[in-house]
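Here the structure comes first, spelled out in structure tokens, and everything after it is commentary.
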Amino acid sequence: MLAVVLLSTIPGKVNAQHIALRNNLLYDATLTPNIGIDVRLDSLWTIGGLVGLNAWDIDKDANKKWRHLLVEPSVRRWLGDSIFHKGYIEGDLMYSHFNVGNTKIPFGLYDAVKDRRLQGDLFALGGKYGYSWILARHWRVEAEAGIAVGYAWFKEYECPTCGQYLGEGNRIFLLPQLGINVVYIIN
């Protein structure tokens with residue numbers, strides 16, 4: 001869906017050799033299937049996005065959850081003389097609808113969810129630096145790291161299944177962004 005929206009906003013004709021599909025393996029490690037697309041605008045710029053969805057509970061009996069939908073449109077400025085196989089800087093926006101609870105999240109990002117359940121939304125603005133290596137004619141691998149600043153608003157519940165409503169909250173946060181992407185160039 002995001003790919004169709006992104007492609008429909010580009011004036012003129014899009015050639016197949018200017019499109020790349022990607023999958024973030026680190027995001028897969030959180031059991032979140034994801035797909036990204038990048039569309040070349042010129043020799044230095046691409047626009048794209050990533051969509052990820054985790055729609056299941058970690059442990060239903062213990063009410064352990066890490067359920068969420070992530071939509072992340074982005075723009076990349078490629079560094080050097082040839083696209084899709086060198087360094088880049090990326091700016092991205094993130095939106096997520098989440099239902100997370102009874103789970104320990106790395107880096108102490110949401111300590112409250114180790115004994116509570118939070119259900120809500122977040123928006124964030126981030127930046128990354130990445131590098132892309134050629135593996136074969138159509139295949140690349142990318143490593144990227146960055147940080148995002150965001151705002152989340154949520155409803156808070158006790159952890160037992162259908163736990164008691166405790167109130168509403170919000171939070172400004174810093175979020176580390178890491179990725180190892182496998183990329184397929186459509187040609």
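Please note that chains go A, B, ... in the order of the structure tokens, that every chain numbers its residues from 1, and that ligands are numbered from 1 in the order shown.
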- Query: Which residues in region 21-176 of chain A does DSSP call alpha helix (DSSP H)? List them as number ranges by chain.
  - Reply: A: 25-28
Based on the selection just made, write N, CA, C and O atoms of those residues as a PDB file, in the first residue's frame.
```pdb
ATOM      1  N   LEU A  25      16.760  -7.110   8.594  1.00  0.00           N
ATOM      2  CA  LEU A  25      16.943  -8.375   9.299  1.00  0.00           C
ATOM      3  C   LEU A  25      16.877  -8.205  10.816  1.00  0.00           C
ATOM      4  O   LEU A  25      16.413  -9.105  11.521  1.00  0.00           O
ATOM      5  N   LEU A  26      17.315  -7.062  11.345  1.00  0.00           N
ATOM      6  CA  LEU A  26      17.232  -6.844  12.786  1.00  0.00           C
ATOM      7  C   LEU A  26      15.778  -6.694  13.228  1.00  0.00           C
ATOM      8  O   LEU A  26      15.396  -7.137  14.315  1.00  0.00           O
ATOM      9  N   TYR A  27      14.980  -6.086  12.393  1.00  0.00           N
ATOM     10  CA  TYR A  27      13.557  -5.969  12.671  1.00  0.00           C
ATOM     11  C   TYR A  27      12.892  -7.353  12.603  1.00  0.00           C
ATOM     12  O   TYR A  27      12.039  -7.683  13.417  1.00  0.00           O
ATOM     13  N   ASP A  28      13.333  -8.179  11.649  1.00  0.00           N
ATOM     14  CA  ASP A  28      12.855  -9.570  11.580  1.00  0.00           C
ATOM     15  C   ASP A  28      13.166 -10.319  12.875  1.00  0.00           C
ATOM     16  O   ASP A  28      12.390 -11.166  13.309  1.00  0.00           O
TER      17      ASP A  28
END
```
Show which residues sit within 6 Å of region 97-102 of chain A, as a PDB file with N, CA, C and O atoms, in the first residue's frame. Count only C-alpha atoms, and ignore same-chain residues fewer than 4 positions away.
```
ATOM      1  N   LYS A  64       2.084 -11.393  27.549  1.00  0.00           N
ATOM      2  CA  LYS A  64       3.304 -10.741  27.050  1.00  0.00           C
ATOM      3  C   LYS A  64       3.059 -10.320  25.616  1.00  0.00           C
ATOM      4  O   LYS A  64       2.713 -11.151  24.776  1.00  0.00           O
ATOM      5  N   LYS A  65       3.221  -9.019  25.338  1.00  0.00           N
ATOM      6  CA  LYS A  65       2.920  -8.485  24.010  1.00  0.00           C
ATOM      7  C   LYS A  65       4.035  -7.579  23.509  1.00  0.00           C
ATOM      8  O   LYS A  65       4.664  -6.883  24.288  1.00  0.00           O
ATOM      9  N   TRP A  66       4.209  -7.593  22.203  1.00  0.00           N
ATOM     10  CA  TRP A  66       5.042  -6.616  21.492  1.00  0.00           C
ATOM     11  C   TRP A  66       4.357  -6.396  20.147  1.00  0.00           C
ATOM     12  O   TRP A  66       4.952  -6.514  19.085  1.00  0.00           O
ATOM     13  N   ARG A  67       3.076  -6.121  20.172  1.00  0.00           N
ATOM     14  CA  ARG A  67       2.283  -5.967  18.952  1.00  0.00           C
ATOM     15  C   ARG A  67       2.379  -4.524  18.478  1.00  0.00           C
ATOM     16  O   ARG A  67       2.237  -3.600  19.268  1.00  0.00           O
ATOM     17  N   HIS A  68       2.568  -4.364  17.171  1.00  0.00           N
ATOM     18  CA  HIS A  68       2.638  -3.009  16.634  1.00  0.00           C
ATOM     19  C   HIS A  68       2.586  -3.004  15.106  1.00  0.00           C
ATOM     20  O   HIS A  68       2.866  -4.003  14.461  1.00  0.00           O
ATOM     21  N   LEU A  69       2.218  -1.852  14.597  1.00  0.00           N
ATOM     22  CA  LEU A  69       2.300  -1.546  13.170  1.00  0.00           C
ATOM     23  C   LEU A  69       3.214  -0.347  13.054  1.00  0.00           C
ATOM     24  O   LEU A  69       3.035   0.638  13.771  1.00  0.00           O
ATOM     25  N   VAL A 113       6.727  -1.098  30.830  1.00  0.00           N
ATOM     26  CA  VAL A 113       6.061  -2.238  30.196  1.00  0.00           C
ATOM     27  C   VAL A 113       6.527  -3.592  30.735  1.00  0.00           C
ATOM     28  O   VAL A 113       5.978  -4.607  30.362  1.00  0.00           O
ATOM     29  N   LYS A 114       7.503  -3.608  31.621  1.00  0.00           N
ATOM     30  CA  LYS A 114       7.881  -4.902  32.191  1.00  0.00           C
ATOM     31  C   LYS A 114       6.839  -5.395  33.186  1.00  0.00           C
ATOM     32  O   LYS A 114       6.768  -6.571  33.474  1.00  0.00           O
ATOM     33  N   ASP A 115       5.996  -4.498  33.724  1.00  0.00           N
ATOM     34  CA  ASP A 115       4.927  -4.927  34.628  1.00  0.00           C
ATOM     35  C   ASP A 115       3.601  -4.212  34.348  1.00  0.00           C
ATOM     36  O   ASP A 115       2.706  -4.174  35.174  1.00  0.00           O
ATOM     37  N   ARG A 116       3.462  -3.630  33.168  1.00  0.00           N
ATOM     38  CA  ARG A 116       2.245  -2.938  32.739  1.00  0.00           C
ATOM     39  C   ARG A 116       2.032  -3.229  31.252  1.00  0.00           C
ATOM     40  O   ARG A 116       2.891  -3.753  30.576  1.00  0.00           O
ATOM     41  N   ARG A 117       0.855  -2.828  30.764  1.00  0.00           N
ATOM     42  CA  ARG A 117       0.576  -2.904  29.329  1.00  0.00           C
ATOM     43  C   ARG A 117       0.234  -1.498  28.853  1.00  0.00           C
ATOM     44  O   ARG A 117      -0.577  -0.806  29.467  1.00  0.00           O
ATOM     45  N   LEU A 118       0.883  -1.072  27.778  1.00  0.00           N
ATOM     46  CA  LEU A 118       0.637   0.230  27.176  1.00  0.00           C
ATOM     47  C   LEU A 118       0.060   0.032  25.785  1.00  0.00           C
ATOM     48  O   LEU A 118       0.581  -0.765  25.006  1.00  0.00           O
ATOM     49  N   GLN A 119      -0.989   0.770  25.490  1.00  0.00           N
ATOM     50  CA  GLN A 119      -1.606   0.707  24.166  1.00  0.00           C
ATOM     51  C   GLN A 119      -1.775   2.134  23.683  1.00  0.00           C
ATOM     52  O   GLN A 119      -2.396   2.950  24.357  1.00  0.00           O
ATOM     53  N   GLY A 120      -1.175   2.438  22.509  1.00  0.00           N
ATOM     54  CA  GLY A 120      -1.264   3.802  22.020  1.00  0.00           C
ATOM     55  C   GLY A 120      -0.579   4.003  20.689  1.00  0.00           C
ATOM     56  O   GLY A 120      -0.459   3.077  19.890  1.00  0.00           O
ATOM     57  N   ASP A 121      -0.108   5.232  20.480  1.00  0.00           N
ATOM     58  CA  ASP A 121       0.488   5.647  19.216  1.00  0.00           C
ATOM     59  C   ASP A 121       1.747   6.438  19.483  1.00  0.00           C
ATOM     60  O   ASP A 121       1.906   7.032  20.561  1.00  0.00           O
TER      61      ASP A 121
END
```
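Taking CA of Ala55 (chain A) and CA of Lys128 (chain A) as endpoints, the distance between them is 26.6 Å.
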- Task: Mind the document's chain letters and residue numbers, and return as a PyMOL selection string the residues of chain A that DSSP labels strand (DSSP E).
- Result: chain A and resi 19-24+34-40+45-54+57-59+64-78+87-101+116-134+139-158+165-186
- Which polymer residues have any atom within 7 Å of an atom of Ala152 (chain A), counting only C-alpha atoms, with same-chain residues fewer than 5 positions away left out, as a list in words? Asp121, Leu122, Phe123, Asn170, Arg171 and Ile172 of chain A
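The space separating CA of Cys159 (chain A) from CA of Leu175 (chain A) comes to 23.9 Å.
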- Nearby residues (only C-alpha atoms) at most 6 Å from Thr46 (chain A), same-chain spacing under 5 positions excluded, as a ChimeraX atom specification: /A:39-41,75-76
